[in-house]
file run.cif (mmCIF, C-alpha atoms and all ligand atoms)
data_work
#
loop_
_atom_site.label_atom_id
_atom_site.label_comp_id
_atom_site.auth_asym_id
_atom_site.auth_seq_id
_atom_site.Cartn_x
_atom_site.Cartn_y
_atom_site.Cartn_z
CA MET M 214 18.39 -1.66 -25.82
CA THR M 215 21.93 -3.10 -26.05
CA LYS M 216 22.29 -6.53 -27.68
CA VAL M 217 23.46 -9.07 -25.11
CA GLU M 218 25.52 -12.23 -25.83
CA VAL M 219 23.74 -15.45 -24.86
CA GLY M 220 25.09 -16.71 -21.53
CA THR M 221 26.19 -13.29 -20.26
CA LEU M 222 25.45 -12.88 -16.55
CA GLY M 223 24.65 -9.84 -14.46
CA VAL M 224 23.35 -7.56 -17.22
CA LEU M 225 21.93 -4.46 -15.57
CA LEU M 226 18.32 -3.56 -16.31
CA ASP M 227 18.81 0.19 -16.21
CA GLY M 228 15.55 1.78 -15.11
CA THR M 229 17.07 5.25 -14.97
CA ALA M 230 18.12 5.23 -18.64
CA THR M 231 14.95 3.42 -19.77
CA SER M 232 12.64 5.83 -17.96
CA LYS M 233 14.58 8.76 -19.39
CA ALA M 234 14.09 7.37 -22.90
CA MET M 235 10.40 6.93 -22.16
CA ARG M 236 10.09 10.52 -20.93
CA LEU M 237 11.59 11.77 -24.18
CA GLU M 238 9.02 9.72 -26.13
CA ILE M 239 6.24 11.02 -23.87
CA ALA M 240 7.37 14.63 -24.36
CA VAL M 241 7.10 14.11 -28.13
CA GLY M 242 3.62 12.61 -27.61
CA VAL M 243 2.57 15.66 -25.57
CA LYS M 244 3.74 18.06 -28.29
CA ARG M 245 1.92 16.04 -30.96
CA LEU M 246 -1.28 16.03 -28.91
CA GLN M 247 -1.06 19.78 -28.42
CA ALA M 248 -0.47 20.36 -32.14
CA GLU M 249 -3.16 17.96 -33.37
CA LYS M 250 -5.91 18.38 -30.76
CA GLY M 251 -4.95 21.47 -28.77
CA VAL M 252 -4.92 19.39 -25.57
CA THR M 253 -2.28 19.42 -22.84
CA PRO M 254 -2.40 16.39 -20.51
CA HIS M 255 -3.13 17.37 -16.92
CA LEU M 256 -2.42 15.19 -13.88
CA ALA M 257 -4.38 16.12 -10.75
CA ALA M 258 -2.83 14.82 -7.52
CA VAL M 259 -4.89 14.42 -4.36
CA LEU M 260 -2.84 14.70 -1.19
CA ILE M 261 -4.55 13.99 2.13
CA GLY M 262 -2.74 14.63 5.40
CA ASN M 263 0.85 15.65 5.88
CA SER M 264 3.07 12.63 5.39
CA PRO M 265 6.55 13.87 4.39
CA ALA M 266 7.04 10.81 2.12
CA SER M 267 3.79 11.52 0.26
CA GLU M 268 4.74 15.21 -0.04
CA THR M 269 8.04 14.16 -1.64
CA TYR M 270 6.40 11.70 -4.07
CA VAL M 271 3.76 14.21 -5.16
CA ALA M 272 6.36 16.96 -5.67
CA MET M 273 8.52 14.59 -7.73
CA LYS M 274 5.55 13.60 -9.92
CA ALA M 275 4.69 17.29 -10.50
CA ARG M 276 8.30 18.00 -11.49
CA MET M 277 8.28 15.12 -13.97
CA CYS M 278 4.97 16.32 -15.47
CA GLU M 279 6.53 19.71 -16.05
CA ARG M 280 9.60 18.14 -17.69
CA VAL M 281 7.52 16.35 -20.31
CA GLY M 282 5.32 19.41 -20.93
CA MET M 283 2.25 18.25 -18.98
CA LEU M 284 0.22 20.25 -16.52
CA SER M 285 -0.19 19.15 -12.92
CA SER M 286 -2.24 20.39 -10.01
CA LEU M 287 -2.25 19.57 -6.32
CA HIS M 288 -5.49 19.18 -4.34
CA ARG M 289 -4.96 19.01 -0.60
CA LEU M 290 -7.17 17.93 2.27
CA GLY M 291 -6.21 17.97 5.94
CA ASP M 292 -5.50 14.77 7.87
CA THR M 293 -8.84 15.00 9.69
CA CYS M 294 -10.93 15.29 6.53
CA SER M 295 -14.01 13.09 6.28
CA GLN M 296 -14.61 10.21 3.88
CA ALA M 297 -17.32 12.31 2.19
CA GLU M 298 -14.98 15.28 1.69
CA ALA M 299 -12.34 13.05 0.11
CA GLU M 300 -14.84 11.30 -2.17
CA ASP M 301 -16.40 14.64 -3.12
CA LEU M 302 -13.01 16.04 -4.14
CA VAL M 303 -12.33 13.03 -6.36
CA SER M 304 -15.83 13.31 -7.89
CA ARG M 305 -15.23 16.98 -8.75
CA LEU M 306 -11.94 16.07 -10.45
CA ASN M 307 -13.74 13.30 -12.36
CA ALA M 308 -16.21 15.90 -13.64
CA ASN M 309 -13.55 18.49 -14.53
CA PRO M 310 -12.92 18.26 -18.31
CA GLU M 311 -9.54 19.95 -17.91
CA VAL M 312 -8.20 17.05 -15.80
CA SER M 313 -6.93 14.05 -17.79
CA GLY M 314 -5.71 11.83 -14.97
CA ILE M 315 -6.16 11.61 -11.19
CA LEU M 316 -3.64 10.31 -8.71
CA VAL M 317 -4.74 9.76 -5.11
CA GLN M 318 -1.46 9.61 -3.23
CA HIS M 319 -1.52 6.71 -0.79
CA PRO M 320 -1.36 5.51 1.92
CA LEU M 321 -4.25 7.64 3.17
CA PRO M 322 -4.78 8.52 6.85
CA LYS M 323 -5.99 5.43 8.74
CA HIS M 324 -9.50 6.74 9.52
CA LEU M 325 -10.36 6.84 5.81
CA HIS M 326 -11.53 3.83 3.82
CA GLU M 327 -8.83 3.91 1.15
CA PRO M 328 -10.30 1.44 -1.39
CA ALA M 329 -13.59 3.38 -1.50
CA ILE M 330 -11.76 6.64 -2.26
CA LEU M 331 -9.57 5.01 -4.93
CA ASP M 332 -12.73 3.49 -6.43
CA CYS M 333 -14.25 6.96 -6.82
CA VAL M 334 -11.71 7.70 -9.54
CA THR M 335 -13.46 7.16 -12.85
CA PRO M 336 -11.71 4.41 -14.91
CA ALA M 337 -11.01 6.84 -17.77
CA LYS M 338 -8.89 8.96 -15.37
CA ASP M 339 -7.46 6.18 -13.17
CA VAL M 340 -3.88 6.67 -14.35
CA ASP M 341 -2.54 4.98 -11.20
CA GLY M 342 -4.44 1.84 -12.24
CA ILE M 343 -5.22 0.61 -8.73
CA SER M 344 -8.98 1.02 -8.47
CA THR M 345 -11.10 -2.13 -8.28
CA GLY M 346 -12.37 -1.43 -11.81
CA SER M 347 -8.88 -1.16 -13.30
CA LEU M 348 -7.65 -4.28 -11.48
CA GLY M 349 -10.79 -6.15 -12.56
CA ALA M 350 -10.14 -5.13 -16.16
CA LEU M 351 -6.59 -6.49 -15.84
CA ILE M 352 -7.99 -9.85 -14.72
CA ASN M 353 -10.56 -9.84 -17.52
CA GLY M 354 -7.97 -8.82 -20.11
CA GLU M 355 -9.94 -5.66 -20.89
CA PRO M 356 -8.35 -2.29 -21.64
CA ALA M 357 -7.63 -0.11 -18.60
CA PHE M 358 -4.68 1.87 -17.33
CA PRO M 359 -2.18 -0.59 -15.85
CA SER M 360 -0.96 -0.17 -12.30
CA CYS M 361 2.29 1.81 -12.62
CA THR M 362 4.99 -0.16 -10.75
CA PRO M 363 3.92 -3.59 -12.12
CA ALA M 364 3.59 -2.12 -15.61
CA GLY M 365 7.05 -0.56 -15.21
CA ILE M 366 8.50 -4.00 -14.42
CA ILE M 367 6.94 -5.48 -17.56
CA GLU M 368 8.00 -2.51 -19.71
CA LEU M 369 11.60 -2.85 -18.52
CA MET M 370 11.65 -6.55 -19.46
CA GLU M 371 10.07 -5.88 -22.84
CA ARG M 372 12.52 -3.10 -23.67
CA TYR M 373 15.43 -5.42 -22.91
CA GLY M 374 13.90 -8.14 -25.07
CA ILE M 375 13.37 -10.58 -22.18
CA ALA M 376 10.91 -13.27 -23.29
CA ILE M 377 7.95 -13.82 -20.98
CA GLU M 378 5.78 -16.32 -22.86
CA GLY M 379 6.34 -19.91 -21.78
CA LYS M 380 8.69 -18.92 -18.94
CA ARG M 381 8.36 -19.83 -15.28
CA ALA M 382 7.77 -16.65 -13.32
CA VAL M 383 7.85 -16.42 -9.55
CA VAL M 384 6.55 -13.31 -7.80
CA VAL M 385 7.46 -12.93 -4.14
CA GLY M 386 4.82 -10.70 -2.52
CA ARG M 387 1.06 -10.50 -3.06
CA SER M 388 0.11 -6.88 -2.37
CA ILE M 389 -2.70 -5.38 -4.38
CA ILE M 390 -0.47 -2.59 -5.73
CA LEU M 391 2.45 -4.78 -6.75
CA GLY M 392 2.59 -8.57 -6.31
CA LYS M 393 -0.90 -9.47 -7.52
CA PRO M 394 -1.06 -7.16 -10.57
CA VAL M 395 2.47 -8.02 -11.76
CA ALA M 396 1.61 -11.73 -11.46
CA MET M 397 -1.53 -11.15 -13.54
CA MET M 398 0.42 -9.16 -16.16
CA LEU M 399 2.93 -12.03 -16.45
CA LEU M 400 0.08 -14.54 -16.70
CA ASN M 401 -1.62 -12.43 -19.40
CA ARG M 402 1.66 -12.67 -21.34
CA ASN M 403 1.59 -16.48 -21.05
CA ALA M 404 4.17 -17.04 -18.32
CA THR M 405 3.48 -19.85 -15.84
CA VAL M 406 3.23 -17.92 -12.61
CA THR M 407 3.70 -18.80 -8.94
CA ILE M 408 3.00 -16.25 -6.22
CA CYS M 409 4.93 -16.63 -2.94
CA HIS M 410 4.22 -14.79 0.32
CA SER M 411 5.07 -14.75 4.01
CA ARG M 412 3.42 -18.14 4.60
CA THR M 413 5.28 -19.88 1.76
CA PRO M 414 7.52 -22.56 3.29
CA ASN M 415 10.99 -23.02 1.78
CA LEU M 416 10.90 -19.93 -0.43
CA ALA M 417 14.15 -20.90 -2.17
CA ASP M 418 12.51 -24.05 -3.59
CA TYR M 419 10.31 -21.74 -5.67
CA THR M 420 12.73 -18.92 -6.47
CA ARG M 421 15.36 -21.37 -7.77
CA GLU M 422 12.89 -22.54 -10.42
CA ALA M 423 12.18 -19.04 -11.73
CA ASP M 424 13.24 -17.87 -15.19
CA ILE M 425 11.72 -14.53 -14.14
CA LEU M 426 11.87 -13.58 -10.49
CA VAL M 427 10.03 -10.53 -9.20
CA ALA M 428 10.81 -9.47 -5.64
CA ALA M 429 8.03 -7.33 -4.15
CA VAL M 430 8.44 -7.92 -0.46
CA GLY M 431 9.91 -5.04 1.51
CA ARG M 432 12.55 -7.16 3.34
CA ALA M 433 16.15 -6.10 2.77
CA GLU M 434 18.20 -8.70 0.88
CA LEU M 435 15.77 -11.55 1.59
CA ILE M 436 16.72 -13.18 -1.72
CA THR M 437 20.36 -14.11 -2.10
CA GLY M 438 22.36 -15.40 -5.06
CA SER M 439 22.02 -19.02 -3.91
CA MET M 440 18.21 -18.71 -4.26
CA ILE M 441 18.37 -17.63 -7.92
CA LYS M 442 18.39 -19.74 -11.10
CA ARG M 443 21.44 -19.21 -13.29
CA GLY M 444 20.69 -16.90 -16.21
CA SER M 445 17.28 -15.77 -14.95
CA ALA M 446 15.85 -12.23 -15.01
CA VAL M 447 15.61 -10.70 -11.53
CA LEU M 448 13.39 -7.68 -11.02
CA ASP M 449 13.70 -6.13 -7.58
CA ALA M 450 10.93 -3.69 -6.59
CA GLY M 451 11.99 -3.50 -2.94
CA TYR M 452 13.03 -0.27 -1.27
CA ASN M 453 14.24 -0.81 2.26
CA ARG M 454 15.98 1.40 4.76
CA VAL M 455 18.68 -0.41 6.72
CA GLU M 456 20.22 1.16 9.77
CA GLY M 457 23.88 1.96 9.32
CA ARG M 458 23.72 1.77 5.51
CA GLN M 459 23.40 4.65 3.10
CA GLY M 460 20.51 4.83 0.67
CA ASP M 461 17.89 2.20 -0.05
CA VAL M 462 18.50 -1.54 -0.21
CA GLY M 463 16.50 -3.95 -2.39
CA ASP M 464 14.80 -7.22 -1.50
CA VAL M 465 17.58 -8.98 -3.42
CA GLU M 466 21.19 -9.19 -2.26
CA PHE M 467 22.60 -7.50 -5.32
CA GLU M 468 26.26 -8.52 -5.13
CA THR M 469 25.58 -12.26 -4.85
CA ALA M 470 22.58 -12.18 -7.19
CA ARG M 471 24.33 -10.42 -10.07
CA GLN M 472 26.85 -13.27 -10.30
CA VAL M 473 24.06 -15.75 -11.07
CA ALA M 474 21.25 -13.77 -12.72
CA GLY M 475 21.23 -13.15 -16.45
CA TYR M 476 19.56 -9.78 -15.96
CA ILE M 477 19.11 -7.82 -12.76
CA THR M 478 17.72 -4.46 -11.67
CA PRO M 479 19.85 -2.37 -9.34
CA VAL M 480 18.32 -0.58 -6.34
CA PRO M 481 18.10 2.33 -6.75
CA GLY M 482 17.90 2.88 -10.49
CA GLY M 483 15.96 -0.23 -11.53
CA VAL M 484 12.22 -0.61 -11.00
CA GLY M 485 11.80 2.65 -9.05
CA PRO M 486 12.22 5.20 -11.90
CA MET M 487 9.92 3.17 -14.16
CA THR M 488 6.89 3.89 -11.96
CA ILE M 489 6.72 7.60 -12.74
CA ALA M 490 7.40 6.98 -16.43
CA MET M 491 4.37 4.67 -16.54
CA LEU M 492 2.26 7.25 -14.69
CA LEU M 493 3.20 9.88 -17.27
CA ARG M 494 2.44 7.54 -20.14
CA ASN M 495 -0.94 6.64 -18.67
CA THR M 496 -1.71 10.36 -18.28
CA LEU M 497 -0.74 11.07 -21.89
CA ARG M 498 -3.05 8.26 -23.04
CA ALA M 499 -5.87 9.45 -20.75
CA ALA M 500 -5.64 12.81 -22.54
CA GLY M 501 -5.98 11.09 -25.92
CA GLY M 502 -2.30 10.93 -26.86
CA GLU M 503 -0.01 8.03 -27.67
P1 LIG I 1 3.43 -5.00 1.24
O1 LIG I 1 2.06 -4.52 0.97
O2 LIG I 1 3.98 -4.92 2.61
O3 LIG I 1 3.50 -6.55 0.76
C1 LIG I 1 4.64 -7.31 0.99
C2 LIG I 1 4.39 -8.73 0.54
O4 LIG I 1 5.59 -9.48 0.82
C3 LIG I 1 3.24 -9.42 1.25
O5 LIG I 1 2.47 -10.12 0.31
C4 LIG I 1 3.93 -10.36 2.21
O6 LIG I 1 3.23 -11.57 2.43
C5 LIG I 1 5.22 -10.68 1.49
N1 LIG I 1 6.27 -11.06 2.42
C6 LIG I 1 6.65 -10.47 3.55
N2 LIG I 1 7.66 -11.13 4.15
C7 LIG I 1 7.93 -12.19 3.37
C8 LIG I 1 8.86 -13.24 3.43
N3 LIG I 1 9.74 -13.35 4.44
N4 LIG I 1 8.85 -14.17 2.45
C9 LIG I 1 7.99 -14.09 1.42
N5 LIG I 1 7.08 -13.09 1.30
C10 LIG I 1 7.05 -12.16 2.26
O7 LIG I 1 4.51 -4.28 0.30
P2 LIG I 1 4.34 -3.62 -1.16
O8 LIG I 1 3.58 -2.36 -1.05
O9 LIG I 1 3.92 -4.65 -2.15
O10 LIG I 1 5.87 -3.25 -1.43
C11 LIG I 1 6.88 -4.22 -1.52
C12 LIG I 1 8.22 -3.52 -1.71
O11 LIG I 1 8.18 -2.80 -2.93
C13 LIG I 1 8.54 -2.49 -0.63
O12 LIG I 1 9.93 -2.49 -0.39
C14 LIG I 1 8.12 -1.17 -1.25
O13 LIG I 1 8.87 -0.07 -0.76
C15 LIG I 1 8.47 -1.43 -2.70
N6 LIG I 1 7.69 -0.61 -3.67
C16 LIG I 1 8.37 0.01 -4.66
C17 LIG I 1 7.68 0.77 -5.57
C18 LIG I 1 8.44 1.46 -6.66
O14 LIG I 1 9.53 1.08 -6.98
N7 LIG I 1 7.95 2.49 -7.28
C19 LIG I 1 6.28 0.90 -5.51
C20 LIG I 1 5.61 0.20 -4.51
C21 LIG I 1 6.31 -0.55 -3.57
P3 LIG I 1 1.79 -11.64 3.16
O15 LIG I 1 0.80 -11.19 2.13
O16 LIG I 1 1.66 -13.06 3.52
O17 LIG I 1 1.87 -10.71 4.34
#
call {"tool": "encode", "arguments": {"input": "run.cif", "output": "structure tokens", "more": "lines below"}}
Ligand code: NAP
result
Amino acid sequence: MTKVEVGTLGVLLDGTATSKAMRLEIAVGVKRLQAEKGVTPHLAAVLIGNSPASETYVAMKARMCERVGMLSSLHRLGDTCSQAEAEDLVSRLNANPEVSGILVQHPLPKHLHEPAILDCVTPAKDVDGISTGSLGALINGEPAFPSCTPAGIIELMERYGIAIEGKRAVVVGRSIILGKPVAMMLLNRNATVTICHSRTPNLADYTREADILVAAVGRAELITGSMIKRGSAVLDAGYNRVEGRQGDVGDVEFETARQVAGYITPVPGGVGPMTIAMLLRNTLRAAGGE
């Protein structure tokens, strides 16, 4: 990525361009895998129910698979399907040698026990990286597919040459898909990590100390420029709809934050596009490619 002068503020961490570069690399990896082993990576998506948002996400993932030369398939169940039907579908995909990776699109309908269904995905095909086994491997420092959005945040920092080791990192949010795994990934890279959440008093006392600040909250513009350390790296995973405003708004107030932060992700175009790129890379690796 571009070389940045020391002391420059407000450098954009461009997730759109970075994910595009990654997709080009992945497309080369797919071609190489086909030539060397005769294998085409195949992502199987499980879609349960009829949530329009999930439909959109799954369609977008299928389109991206096609763009990098991968196969994708969609496996649907109705919104009244039983736990056993859902688990049986995942088990059949586990056993299918033509499927490299499995993505169970979540959230699942409320009557289903989501963790149990996610845990049915065999670790070798868990390209979404959010099963108990994959998260346990992350804690143990064992190889597993990393959870896509947290891994996308780390990849973006690494591609921009942002040092993690020895830095103070603060993660705001402790969800199992985002806050906790990104905190663990930062810890595994030798950052000193603090996790904040809705019961953290005086949030700004923590965020102002952060060399690396990850916002994973889901509250529009909760973090303002005055809460950010000068020159820090600010990674905003938030996507929030705000009435009367067009498009999505991050958890960070971008205009005030960019005047203080050294590096900052825009919303949209920051963390968001990295998620699918990581999913594609995990799928390529699940198929035996690099
Ligand atoms: P979530 O499950 O709702 O978790 C939100 C976390 O934020 C919780 O840990 C909560 O604390 C904490 N929190 C809430 N209000 C807070 C406050 N005022 N101060 C400090 N912490 C507070 O959300 P999520 O699934 O992690 O998603 C977070 C955001 O990332 C959302 O905007 C979502 O749309 C976005 N997201 C983006 C991507 C992507 O870019 N591809 C992927 C996933 C999610 P408690 O634990 O105490 O309740």
call {"tool": "closest_residue", "arguments": {"input": "run.cif", "among": "M:Asp449, M:Asp339, M:Glu456, M:Glu355", "to": "ligand LIG 1 (chain I)", "atoms": "all atoms listed in the file"}}
result
M:Asp449
call {"tool": "closest_atom_pairs", "arguments": {"input": "run.cif", "of": "range 382-462 of chain M", "to": "range 469-479 of chain M", "cutoff": "12 Å", "atoms": "all atoms listed in the file", "output": "JSON lines"}}
result
{"residue": "M:Thr420", "atom": "CA", "partner": "M:Ala474", "partner_atom": "CA", "distance": 11.8}
{"residue": "M:Arg421", "atom": "CA", "partner": "M:Ala474", "partner_atom": "CA", "distance": 10.8}
{"residue": "M:Ala423", "atom": "CA", "partner": "M:Ala474", "partner_atom": "CA", "distance": 10.5}
{"residue": "M:Asp424", "atom": "CA", "partner": "M:Ala474", "partner_atom": "CA", "distance": 9.3}
{"residue": "M:Ile425", "atom": "CA", "partner": "M:Tyr476", "partner_atom": "CA", "distance": 9.3}
{"residue": "M:Leu426", "atom": "CA", "partner": "M:Ile477", "partner_atom": "CA", "distance": 9.5}
{"residue": "M:Val427", "atom": "CA", "partner": "M:Thr478", "partner_atom": "CA", "distance": 10.1}
{"residue": "M:Ala428", "atom": "CA", "partner": "M:Thr478", "partner_atom": "CA", "distance": 10.5}
{"residue": "M:Glu434", "atom": "CA", "partner": "M:Ala470", "partner_atom": "CA", "distance": 9.8}
{"residue": "M:Leu435", "atom": "CA", "partner": "M:Ala470", "partner_atom": "CA", "distance": 11.1}
{"residue": "M:Ile436", "atom": "CA", "partner": "M:Ala470", "partner_atom": "CA", "distance": 8.1}
{"residue": "M:Thr437", "atom": "CA", "partner": "M:Ala470", "partner_atom": "CA", "distance": 5.9}
{"residue": "M:Gly438", "atom": "CA", "partner": "M:Ala470", "partner_atom": "CA", "distance": 3.9}
{"residue": "M:Ser439", "atom": "CA", "partner": "M:Ala470", "partner_atom": "CA", "distance": 7.6}
{"residue": "M:Met440", "atom": "CA", "partner": "M:Ala470", "partner_atom": "CA", "distance": 8.4}
{"residue": "M:Ile441", "atom": "CA", "partner": "M:Val473", "partner_atom": "CA", "distance": 6.8}
{"residue": "M:Lys442", "atom": "CA", "partner": "M:Ala474", "partner_atom": "CA", "distance": 6.8}
{"residue": "M:Arg443", "atom": "CA", "partner": "M:Val473", "partner_atom": "CA", "distance": 4.9}
{"residue": "M:Gly444", "atom": "CA", "partner": "M:Gly475", "partner_atom": "CA", "distance": 3.8}
{"residue": "M:Ser445", "atom": "CA", "partner": "M:Gly475", "partner_atom": "CA", "distance": 5.0}
{"residue": "M:Ala446", "atom": "CA", "partner": "M:Tyr476", "partner_atom": "CA", "distance": 4.5}
{"residue": "M:Val447", "atom": "CA", "partner": "M:Ile477", "partner_atom": "CA", "distance": 4.7}
{"residue": "M:Leu448", "atom": "CA", "partner": "M:Thr478", "partner_atom": "CA", "distance": 5.4}
{"residue": "M:Asp449", "atom": "CA", "partner": "M:Thr478", "partner_atom": "CA", "distance": 6.0}
{"residue": "M:Ala450", "atom": "CA", "partner": "M:Thr478", "partner_atom": "CA", "distance": 8.5}
{"residue": "M:Gly451", "atom": "CA", "partner": "M:Pro479", "partner_atom": "CA", "distance": 10.2}
{"residue": "M:Tyr452", "atom": "CA", "partner": "M:Pro479", "partner_atom": "CA", "distance": 10.8}
{"residue": "M:Asp461", "atom": "CA", "partner": "M:Pro479", "partner_atom": "CA", "distance": 10.5}
{"residue": "M:Val462", "atom": "CA", "partner": "M:Pro479", "partner_atom": "CA", "distance": 9.3}
call {"tool": "atom_distance", "arguments": {"input": "run.cif", "atom1": "atom C18 of ligand LIG 1 (chain I)", "atom2": "CA of Gln318 in chain M"}}
result
13.3 Å
call {"tool": "residues_near_point", "arguments": {"input": "run.cif", "point": "(-5.4, -1.9, -16.0)", "cutoff": "7 Å", "atoms": "all atoms listed in the file", "output": "JSON list (two decimals) with C-alpha atoms, in the coordinates of the input"}}
result
[["chain", "number", "residue", "atom", "x", "y", "z"],
["M", 342, "GLY", "CA", -4.44, 1.84, -12.24],
["M", 347, "SER", "CA", -8.88, -1.16, -13.30],
["M", 348, "LEU", "CA", -7.65, -4.28, -11.48],
["M", 350, "ALA", "CA", -10.14, -5.13, -16.16],
["M", 351, "LEU", "CA", -6.59, -6.49, -15.84],
["M", 356, "PRO", "CA", -8.35, -2.29, -21.64],
["M", 357, "ALA", "CA", -7.63, -0.11, -18.60],
["M", 358, "PHE", "CA", -4.68, 1.87, -17.33],
["M", 359, "PRO", "CA", -2.18, -0.59, -15.85],
["M", 360, "SER", "CA", -0.96, -0.17, -12.30]]
call {"tool": "residues_near_ligand", "arguments": {"input": "run.cif", "ligand": "ligand LIG 1 (chain I)", "cutoff": "9 Å", "atoms": "only C-alpha atoms and all ligand atoms", "output": "PyMOL selection string"}}
result
chain M and resi 361-363+365+385-393+408-414+416+428-433+435-436+449-454+462-464+480-481+483-489
call {"tool": "closest_residue", "arguments": {"input": "run.cif", "among": "M:Pro265, M:Cys278, M:Met273, M:Ile366", "to": "Pro320 in chain M", "atoms": "all atoms listed in the file"}}
result
M:Pro265
call {"tool": "atom_distance", "arguments": {"input": "run.cif", "atom1": "CA of Ala396 in chain M", "atom2": "CA of Glu327 in chain M"}}
result
22.6 Å
call {"tool": "closest_residue", "arguments": {"input": "run.cif", "among": "M:Ala248, M:Val243, M:Ile261, M:Ala337", "to": "Leu325 in chain M", "atoms": "all atoms listed in the file"}}
result
M:Ile261
call {"tool": "closest_residue", "arguments": {"input": "run.cif", "among": "M:Arg494, M:Lys380, M:Arg372, M:Arg280", "to": "Gly228 in chain M", "atoms": "all atoms listed in the file"}}
result
M:Arg372
call {"tool": "closest_residue", "arguments": {"input": "run.cif", "among": "M:Gly262, M:Thr345, M:Leu225, M:Glu371", "to": "His324 in chain M", "atoms": "only C-alpha atoms"}}
result
M:Gly262
call {"tool": "atom_distance", "arguments": {"input": "run.cif", "atom1": "CA of Arg276 in chain M", "atom2": "CA of Asp341 in chain M"}}
result
16.9 Å
call {"tool": "axis_aligned_box", "arguments": {"input": "run.cif", "around": "range 471-480 of chain M", "padding_each_side": "8 Å", "output": "JSON"}}
result
{"center_x": 22.3, "center_y": -8.2, "center_z": -11.4, "size_x": 25.1, "size_y": 31.2, "size_z": 26.1}
call {"tool": "closest_residue", "arguments": {"input": "run.cif", "among": "M:Val406, M:Val281, M:Pro394, M:Ile367", "to": "Leu226 in chain M", "atoms": "all atoms listed in the file"}}
result
M:Ile367
call {"tool": "build_atoms", "arguments": {"input": "run.cif", "residues": "range 412-424 of chain M", "atoms": "N, CA, C and O atoms", "output": "CSV table (one decimal), in the frame of the given file"}}
result
chain,number,residue,atom,x,y,z
M,412,ARG,N,3.7,-16.8,4.1
M,412,ARG,CA,3.4,-18.1,4.6
M,412,ARG,C,3.9,-19.2,3.7
M,412,ARG,O,3.6,-20.4,3.8
M,413,THR,N,4.7,-18.9,2.7
M,413,THR,CA,5.3,-19.9,1.8
M,413,THR,C,6.5,-20.6,2.5
M,413,THR,O,7.4,-19.9,2.8
M,414,PRO,N,6.4,-21.9,2.7
M,414,PRO,CA,7.5,-22.6,3.3
M,414,PRO,C,8.6,-22.8,2.3
M,414,PRO,O,8.3,-22.9,1.1
M,415,ASN,N,9.9,-22.7,2.7
M,415,ASN,CA,11.0,-23.0,1.8
M,415,ASN,C,11.0,-22.2,0.5
M,415,ASN,O,10.9,-22.7,-0.6
M,416,LEU,N,11.0,-20.9,0.7
M,416,LEU,CA,10.9,-19.9,-0.4
M,416,LEU,C,11.9,-20.3,-1.6
M,416,LEU,O,11.5,-20.2,-2.7
M,417,ALA,N,13.1,-20.7,-1.2
M,417,ALA,CA,14.2,-20.9,-2.2
M,417,ALA,C,13.8,-22.0,-3.1
M,417,ALA,O,14.2,-22.0,-4.3
M,418,ASP,N,12.9,-23.0,-2.7
M,418,ASP,CA,12.5,-24.0,-3.6
M,418,ASP,C,11.8,-23.5,-4.8
M,418,ASP,O,11.8,-24.0,-5.9
M,419,TYR,N,11.1,-22.4,-4.6
M,419,TYR,CA,10.3,-21.7,-5.7
M,419,TYR,C,11.2,-20.8,-6.5
M,419,TYR,O,11.2,-20.8,-7.7
M,420,THR,N,11.9,-19.9,-5.8
M,420,THR,CA,12.7,-18.9,-6.5
M,420,THR,C,13.8,-19.6,-7.4
M,420,THR,O,14.1,-19.0,-8.5
M,421,ARG,N,14.3,-20.7,-7.0
M,421,ARG,CA,15.4,-21.4,-7.8
M,421,ARG,C,14.8,-21.9,-9.1
M,421,ARG,O,15.6,-22.3,-10.0
M,422,GLU,N,13.5,-22.0,-9.2
M,422,GLU,CA,12.9,-22.5,-10.4
M,422,GLU,C,12.6,-21.4,-11.4
M,422,GLU,O,12.1,-21.7,-12.5
M,423,ALA,N,12.7,-20.2,-11.0
M,423,ALA,CA,12.2,-19.0,-11.7
M,423,ALA,C,13.1,-18.6,-12.9
M,423,ALA,O,14.3,-18.3,-12.7
M,424,ASP,N,12.5,-18.5,-14.1
M,424,ASP,CA,13.2,-17.9,-15.2
M,424,ASP,C,13.1,-16.4,-15.0
M,424,ASP,O,14.0,-15.6,-15.4
